[in-house]
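Coordinates as given in my_file.pdb (PDB, C-alpha atoms):
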```
ATOM      1  CA  PRO A   9       4.611  -6.901  16.905
ATOM      2  CA  VAL A  10       6.167  -8.983  19.699
ATOM      3  CA  GLN A  11       4.761  -7.893  23.046
ATOM      4  CA  TYR A  12       6.265 -10.540  25.274
ATOM      5  CA  VAL A  13       8.529 -13.610  25.118
ATOM      6  CA  ILE A  14       7.014 -16.527  27.066
ATOM      7  CA  ARG A  15       9.441 -19.025  28.612
ATOM      8  CA  PRO A  16       7.795 -20.776  31.566
ATOM      9  CA  GLN A  17      10.671 -23.275  32.034
ATOM     10  CA  SER A  18       8.336 -25.448  34.074
ATOM     11  CA  PRO A  19       8.417 -29.270  34.372
ATOM     12  CA  GLU A  20       5.387 -29.395  32.065
ATOM     13  CA  HIS A  21       6.979 -27.060  29.475
ATOM     14  CA  PRO A  22      10.773 -27.302  29.830
ATOM     15  CA  ASP A  23      11.520 -26.177  26.266
ATOM     16  CA  TYR A  24       8.585 -23.844  25.595
ATOM     17  CA  ARG A  25       9.489 -20.540  23.914
ATOM     18  CA  GLY A  26       6.601 -18.490  22.523
ATOM     19  CA  TYR A  27       6.280 -15.000  21.136
ATOM     20  CA  ALA A  28       3.097 -13.253  22.207
ATOM     21  CA  GLY A  29       1.357 -10.269  20.639
ATOM     22  CA  GLN A  30      -1.676  -9.023  18.781
ATOM     23  CA  ILE A  31      -1.796  -9.658  15.024
ATOM     24  CA  ALA A  32      -1.693  -6.236  13.355
ATOM     25  CA  ALA A  33      -2.644  -7.329   9.821
ATOM     26  CA  GLY A  34      -3.371 -10.450   7.817
ATOM     27  CA  ALA A  35      -3.229 -14.021   9.137
ATOM     28  CA  PHE A  36      -0.723 -16.635  10.288
ATOM     29  CA  ARG A  37      -0.910 -20.378   9.683
ATOM     30  CA  VAL A  38       1.096 -23.268  11.035
ATOM     31  CA  GLY A  39       3.782 -24.024   8.461
ATOM     32  CA  ASP A  40       4.069 -20.419   7.210
ATOM     33  CA  GLU A  41       7.563 -19.096   6.621
ATOM     34  CA  ILE A  42       8.141 -15.888   8.553
ATOM     35  CA  THR A  43      10.858 -13.259   8.906
ATOM     36  CA  VAL A  44      11.786 -11.465  12.112
ATOM     37  CA  LEU A  45      12.574  -7.770  11.758
ATOM     38  CA  PRO A  46      14.801  -5.853  12.072
ATOM     39  CA  SER A  47      17.245  -8.813  12.250
ATOM     40  CA  GLY A  48      16.008 -10.380   8.989
ATOM     41  CA  ARG A  49      16.242 -13.950  10.327
ATOM     42  CA  SER A  50      13.723 -16.412   8.835
ATOM     43  CA  THR A  51      12.083 -19.585  10.117
ATOM     44  CA  THR A  52       8.687 -21.324  10.064
ATOM     45  CA  ILE A  53       5.708 -21.370  12.422
ATOM     46  CA  THR A  54       5.378 -24.725  14.174
ATOM     47  CA  GLY A  55       2.446 -23.822  16.419
ATOM     48  CA  ILE A  56      -0.056 -21.124  17.319
ATOM     49  CA  ASP A  57      -1.576 -20.853  20.801
ATOM     50  CA  LEU A  58      -4.830 -18.910  21.162
ATOM     51  CA  LEU A  59      -6.290 -18.546  24.665
ATOM     52  CA  GLY A  60      -4.160 -21.482  25.798
ATOM     53  CA  GLU A  61      -5.320 -23.792  23.017
ATOM     54  CA  PRO A  62      -3.458 -24.773  19.830
ATOM     55  CA  VAL A  63      -4.989 -23.603  16.547
ATOM     56  CA  ASP A  64      -3.953 -23.948  12.903
ATOM     57  CA  VAL A  65      -4.684 -20.382  11.832
ATOM     58  CA  ALA A  66      -5.105 -16.958  13.478
ATOM     59  CA  TRP A  67      -5.896 -13.543  12.052
ATOM     60  CA  THR A  68      -6.310  -9.847  12.848
ATOM     61  CA  PRO A  69      -6.908  -8.703  15.619
ATOM     62  CA  GLN A  70      -6.440 -11.884  17.664
ATOM     63  CA  SER A  71      -3.806 -12.001  20.405
ATOM     64  CA  VAL A  72      -1.747 -15.163  20.009
ATOM     65  CA  THR A  73       1.529 -16.850  20.878
ATOM     66  CA  LEU A  74       3.645 -18.080  17.965
ATOM     67  CA  LEU A  75       5.963 -21.078  18.271
ATOM     68  CA  LEU A  76       8.851 -21.190  15.792
ATOM     69  CA  ALA A  77      11.010 -23.950  14.361
ATOM     70  CA  ASP A  78      14.352 -22.296  15.127
ATOM     71  CA  ASP A  79      15.709 -20.837  18.343
ATOM     72  CA  ILE A  80      16.569 -17.343  17.132
ATOM     73  CA  ASP A  81      17.056 -14.122  19.047
ATOM     74  CA  ILE A  82      13.667 -12.389  19.308
ATOM     75  CA  SER A  83      12.660  -9.805  21.907
ATOM     76  CA  ARG A  84       9.913  -7.300  22.678
ATOM     77  CA  GLY A  85       9.703  -4.722  19.897
ATOM     78  CA  ASP A  86      10.601  -7.097  17.060
ATOM     79  CA  LEU A  87       8.136  -7.618  14.225
ATOM     80  CA  ILE A  88       7.177 -11.067  12.897
ATOM     81  CA  VAL A  89       6.011 -10.867   9.283
ATOM     82  CA  PRO A  90       5.241 -13.218   6.369
ATOM     83  CA  ALA A  91       8.555 -13.896   4.630
ATOM     84  CA  GLU A  92       7.175 -13.038   1.191
ATOM     85  CA  ASP A  93       5.698  -9.713   2.332
ATOM     86  CA  ALA A  94       8.289  -8.233   4.675
ATOM     87  CA  PRO A  95       8.481  -4.424   4.828
ATOM     88  CA  ALA A  96      11.852  -2.785   4.321
ATOM     89  CA  THR A  97      13.715  -1.592   7.398
ATOM     90  CA  THR A  98      14.916   1.991   7.423
ATOM     91  CA  GLN A  99      16.377   4.660   9.674
ATOM     92  CA  ASP A 100      14.833   7.497   7.668
ATOM     93  CA  LEU A 101      11.062   7.859   7.901
ATOM     94  CA  GLU A 102       9.073  10.321   5.822
ATOM     95  CA  ALA A 103       5.644  10.822   7.294
ATOM     96  CA  THR A 104       2.586  12.988   7.687
ATOM     97  CA  VAL A 105       2.113  14.045  11.294
ATOM     98  CA  CYS A 106      -0.273  15.912  13.547
ATOM     99  CA  HIS A 107       1.518  17.771  16.321
ATOM    100  CA  VAL A 108      -0.496  17.710  19.548
ATOM    101  CA  ALA A 109       1.821  19.203  22.173
ATOM    102  CA  ASP A 110       2.063  22.833  23.270
ATOM    103  CA  GLU A 111       5.830  22.777  22.724
ATOM    104  CA  PRO A 112       6.634  23.225  19.003
ATOM    105  CA  LEU A 113       8.250  20.433  17.009
ATOM    106  CA  THR A 114      11.370  21.829  15.343
ATOM    107  CA  VAL A 115      14.131  20.654  13.042
ATOM    108  CA  GLY A 116      16.794  19.049  15.235
ATOM    109  CA  HIS A 117      14.270  18.093  17.928
ATOM    110  CA  ARG A 118      15.434  14.935  19.763
ATOM    111  CA  VAL A 119      12.557  12.575  20.496
ATOM    112  CA  LEU A 120      11.592   8.986  21.139
ATOM    113  CA  ILE A 121       9.591   7.243  18.438
ATOM    114  CA  LYS A 122       7.185   4.450  19.425
ATOM    115  CA  HIS A 123       6.390   2.150  16.508
ATOM    116  CA  GLY A 124       4.354  -0.913  17.420
ATOM    117  CA  THR A 125       5.946  -2.302  20.576
ATOM    118  CA  ARG A 126       9.378  -0.814  19.827
ATOM    119  CA  THR A 127      10.631   2.537  21.149
ATOM    120  CA  VAL A 128      13.900   4.041  19.887
ATOM    121  CA  LYS A 129      15.687   7.386  19.932
ATOM    122  CA  ALA A 130      15.221   9.667  16.929
ATOM    123  CA  ILE A 131      15.801  13.190  15.656
ATOM    124  CA  VAL A 132      13.676  15.404  13.406
ATOM    125  CA  LYS A 133      15.840  15.942  10.303
ATOM    126  CA  ASP A 134      13.492  18.097   8.275
ATOM    127  CA  ILE A 135       9.982  19.558   8.152
ATOM    128  CA  PRO A 136       9.371  19.889   4.393
ATOM    129  CA  SER A 137       5.873  21.364   4.604
ATOM    130  CA  ARG A 138       2.909  22.365   6.751
ATOM    131  CA  LEU A 139      -0.709  22.047   5.665
ATOM    132  CA  THR A 140      -2.677  25.286   5.601
ATOM    133  CA  LEU A 141      -6.159  24.251   6.683
ATOM    134  CA  ASP A 142      -7.899  27.318   5.215
ATOM    135  CA  ASP A 143      -7.246  26.317   1.601
ATOM    136  CA  LEU A 144      -5.398  22.955   1.981
ATOM    137  CA  SER A 145      -2.264  24.398   0.391
ATOM    138  CA  LEU A 146       1.226  23.381   1.524
ATOM    139  CA  HIS A 147       3.481  25.929   3.189
ATOM    140  CA  PRO A 148       7.072  24.853   2.382
ATOM    141  CA  HIS A 149       9.786  24.480   5.029
ATOM    142  CA  PRO A 150       8.003  26.091   7.977
ATOM    143  CA  GLY A 151      10.837  25.133  10.332
ATOM    144  CA  ARG A 152       8.423  24.098  13.078
ATOM    145  CA  LEU A 153       5.007  22.657  13.779
ATOM    146  CA  THR A 154       2.921  24.099  16.585
ATOM    147  CA  ALA A 155      -0.051  22.578  18.404
ATOM    148  CA  ASN A 156      -2.640  21.061  16.033
ATOM    149  CA  ASP A 157      -0.473  21.654  12.941
ATOM    150  CA  ILE A 158      -0.458  18.955  10.263
ATOM    151  CA  GLY A 159       2.687  18.614   8.196
ATOM    152  CA  ARG A 160       5.340  16.478   6.583
ATOM    153  CA  VAL A 161       8.442  15.456   8.538
ATOM    154  CA  VAL A 162      11.597  13.447   7.956
ATOM    155  CA  ILE A 163      12.763  11.507  11.015
ATOM    156  CA  ARG A 164      16.131   9.781  11.502
ATOM    157  CA  THR A 165      15.994   6.878  13.968
ATOM    158  CA  ALA A 166      18.871   5.485  16.015
ATOM    159  CA  GLU A 167      17.940   1.927  15.012
ATOM    160  CA  PRO A 168      16.293   0.523  11.858
ATOM    161  CA  LEU A 169      12.508   0.237  11.976
ATOM    162  CA  PRO A 170      10.373  -2.082   9.813
ATOM    163  CA  ALA A 171       7.656   0.370   8.827
ATOM    164  CA  ASP A 172       4.914  -0.144   6.276
ATOM    165  CA  THR A 173       3.236   2.831   4.689
ATOM    166  CA  TYR A 174       0.072   3.904   6.488
ATOM    167  CA  ALA A 175      -1.868   3.166   3.290
ATOM    168  CA  ALA A 176      -0.724  -0.469   3.492
ATOM    169  CA  SER A 177      -1.239  -0.989   7.236
ATOM    170  CA  ARG A 178      -2.599   1.411   9.836
ATOM    171  CA  ARG A 179      -0.990  -0.528  12.693
ATOM    172  CA  THR A 180       2.534  -0.926  11.310
ATOM    173  CA  GLY A 181       2.423   2.347   9.366
ATOM    174  CA  SER A 182       1.685   4.586  12.352
ATOM    175  CA  PHE A 183       3.803   5.882  15.216
ATOM    176  CA  ILE A 184       3.950   8.496  17.942
ATOM    177  CA  LEU A 185       6.763  10.844  18.937
ATOM    178  CA  ILE A 186       7.433  11.106  22.672
ATOM    179  CA  ASP A 187       9.280  13.661  24.770
ATOM    180  CA  PRO A 188      12.310  11.769  26.161
ATOM    181  CA  GLY A 189      12.325  14.003  29.246
ATOM    182  CA  ASP A 190       8.832  13.504  30.652
ATOM    183  CA  GLY A 191       7.243  10.852  28.411
ATOM    184  CA  THR A 192       4.448  13.024  27.049
ATOM    185  CA  THR A 193       3.107  12.445  23.551
ATOM    186  CA  LEU A 194       4.263  15.127  21.117
ATOM    187  CA  THR A 195       3.105  14.014  17.695
ATOM    188  CA  ALA A 196       1.080  11.298  15.945
ATOM    189  CA  GLY A 197       2.385  10.170  12.577
ATOM    190  CA  MET A 198       1.560   8.150   9.474
ATOM    191  CA  VAL A 199       4.391   6.751   7.369
ATOM    192  CA  GLY A 200       4.340   7.594   3.667
ATOM    193  CA  GLU A 201       2.591  10.107   1.467
ATOM    194  CA  SER A 202      -0.749  11.274   2.807
ATOM    195  CA  PHE A 203      -0.951  14.471   0.762
ATOM    196  CA  ALA A 204      -1.924  13.350  -2.730
ATOM    197  CA  SER A 205      -0.919  15.298  -5.819
ATOM    198  CA  PRO A 206      -3.873  17.093  -7.409
ATOM    199  CA  ASP A 207      -5.507  15.241 -10.290
ATOM    200  CA  PRO A 208      -5.871  17.544 -13.314
ATOM    201  CA  ALA A 209      -9.160  15.832 -14.140
ATOM    202  CA  ASP A 210     -10.540  16.469 -10.634
ATOM    203  CA  ASP A 211     -13.337  19.071 -10.602
ATOM    204  CA  GLY A 212     -12.396  20.144  -7.066
ATOM    205  CA  THR A 213     -15.597  18.922  -5.449
ATOM    206  CA  ASP A 214     -14.044  16.214  -3.306
ATOM    207  CA  ASP A 215     -10.965  17.034  -1.211
ATOM    208  CA  ASP A 216      -8.950  18.391  -4.116
ATOM    209  CA  GLY A 217      -5.270  17.585  -3.604
ATOM    210  CA  TRP A 218      -5.654  16.117  -0.171
ATOM    211  CA  ASP A 219      -5.866  12.398   0.615
ATOM    212  CA  PHE A 220      -5.774  12.278   4.405
TER     213      PHE A 220
END
```
Write the structure described by the file as structure tokens, please.
Amino acid sequence: PVQYVIRPQSPEHPDYRGYAGQIAAGAFRVGDEITVLPSGRSTTITGIDLLGEPVDVAWTPQSVTLLLADDIDISRGDLIVPAEDAPATTQDLEATVCHVADEPLTVGHRVLIKHGTRTVKAIVKDIPSRLTLDDLSLHPHPGRLTANDIGRVVIRTAEPLPADTYAASRRTGSFILIDPGDGTTLTAGMVGESFASPDPADDGTDDDGWDF
């Protein structure tokens, strides 16, 4: 995730343009082809700066600055990914969430969603189910989640987001929902299916029907 665009425009670095952030998963190498999301523009890495020194390779969780071959439009909130392993961008996220605020989360609730370094407007389209902690059963279409409830939600975002599933990447598969009025955190979420379907062969001794 791009945290900051570095352009010193100093006599020593008149043409320097770097994209700084912490590597969320995997590794980057000089010469790698990358894609910038959500724009979908592709280019190659020409340099990697780590603590002010050039290196050939960097990996999770190092904070680095990437230098790219082409001058393309990149800003805070964009995601730089390996070209061959780019997640799909979407405006409809299905996720498992834990609601932490006193105010209930309801269908139609307007929120901000913070994913990586990007924050966009969103609306809760549906709450398909709520987890009943007593027996780990799913209560369908509860209409709302109250404090400490765990459930499934469908969120529509105002702009496309490049989200992995949480199973693939904890950093790029997680998000928080924020109250647009006062900035408080409402809900923590994990993209994808976190409630597994029960295995008929399971003897029920180990989290039967629940992979969370």
If the PyMOL selection byres ((chain A and resi 146) around 10) were run on this exact file, what residues would it hold? Put them as a VMD selection string. chain A and resid 136 to 141 143 to 145 147 to 150 158 to 160 203
Excluding region 188-193 of chain A and its own-chain neighbours fewer than 3 positions away, which residues fall within 8 Å of it when counting all atoms listed in the file? Please give them as a PyMOL selection string. chain A and resi 108-109+118-120+184-185+196
For Leu113 (chain A), find every residue with an atom within 9 Å (counting all atoms listed in the file), except residues of its own chain fewer than 5 positions away, and show them as JSON, numbers by chain. {"A": [107, 132, 151, 152, 153, 154, 155, 194, 195]}
Output for the residues just chosen: C-alpha atoms as a PDB file, in the frame of the given file:
```pdb
ATOM      1  CA  HIS A 107       1.518  17.771  16.321  1.00  0.00           C
ATOM      2  CA  VAL A 132      13.676  15.404  13.406  1.00  0.00           C
ATOM      3  CA  GLY A 151      10.837  25.133  10.332  1.00  0.00           C
ATOM      4  CA  ARG A 152       8.423  24.098  13.078  1.00  0.00           C
ATOM      5  CA  LEU A 153       5.007  22.657  13.779  1.00  0.00           C
ATOM      6  CA  THR A 154       2.921  24.099  16.585  1.00  0.00           C
ATOM      7  CA  ALA A 155      -0.051  22.578  18.404  1.00  0.00           C
ATOM      8  CA  LEU A 194       4.263  15.127  21.117  1.00  0.00           C
ATOM      9  CA  THR A 195       3.105  14.014  17.695  1.00  0.00           C
TER      10      THR A 195
END
```
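With only C-alpha atoms as the atoms that count, the minimum distance from Gly181 (chain A) to the choices A:Ala130, A:Ala28, A:Ala103, A:Val162 is reached by A:Ala103.
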Residues returned when the PyMOL selection byres ((chain A and resi 166-169) around 12) runs on this file, as a PyMOL selection string: chain A and resi 9+44-48+85-87+94-101+118-132+163-165+170-172+180-183+199
Carefully work through the PyMOL selection byres ((chain A and resi 200) around 7) for this structure and note down the residues it includes, as a count of residues only. 9
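CA of Arg84 (chain A) sits 18.8 Å away from CA of Phe36 (chain A).
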Given the choices A:Gln70, A:Ser83, A:Gly29, A:Leu76, which gets closest to Thr52 (chain A) if the distance is worked out from all atoms listed in the file?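 Once distances to Thr52 (chain A) are computed over all atoms listed in the file, the minimum belongs to A:Leu76.
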Between CA of Ala175 (chain A) and CA of Asp187 (chain A), what distance in Å does the model show, to one decimal? 26.4 Å
Draw an axis-aligned box over all listed atoms of region 23-40 of chain A, pad each side with 8 Å, and write its centre and edge lengths in Å, one decimal, as JSON.
```
{"center_x": 4.1, "center_y": -16.2, "center_z": 16.7, "size_x": 30.9, "size_y": 35.9, "size_z": 35.1}
```
Rounded to one decimal, what separation in Å do you get between CA of Ala33 (chain A) and CA of Val13 (chain A)?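 Computing it gives 20.0 Å between the two atoms.
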Using only C-alpha atoms, which residues sit within 9 Å of region 78-80 of chain A once same-chain residues fewer than 6 positions away are excluded, as a PyMOL selection string? chain A and resi 25+49-52
I'd like to know which of A:Trp67, A:Asp93, A:Leu74, A:Glu20 is closest to Gly34 (chain A), using all atoms listed in the file.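 Of A:Trp67, A:Asp93, A:Leu74, A:Glu20, the one nearest Gly34 (chain A) is A:Trp67, counting all atoms listed in the file.
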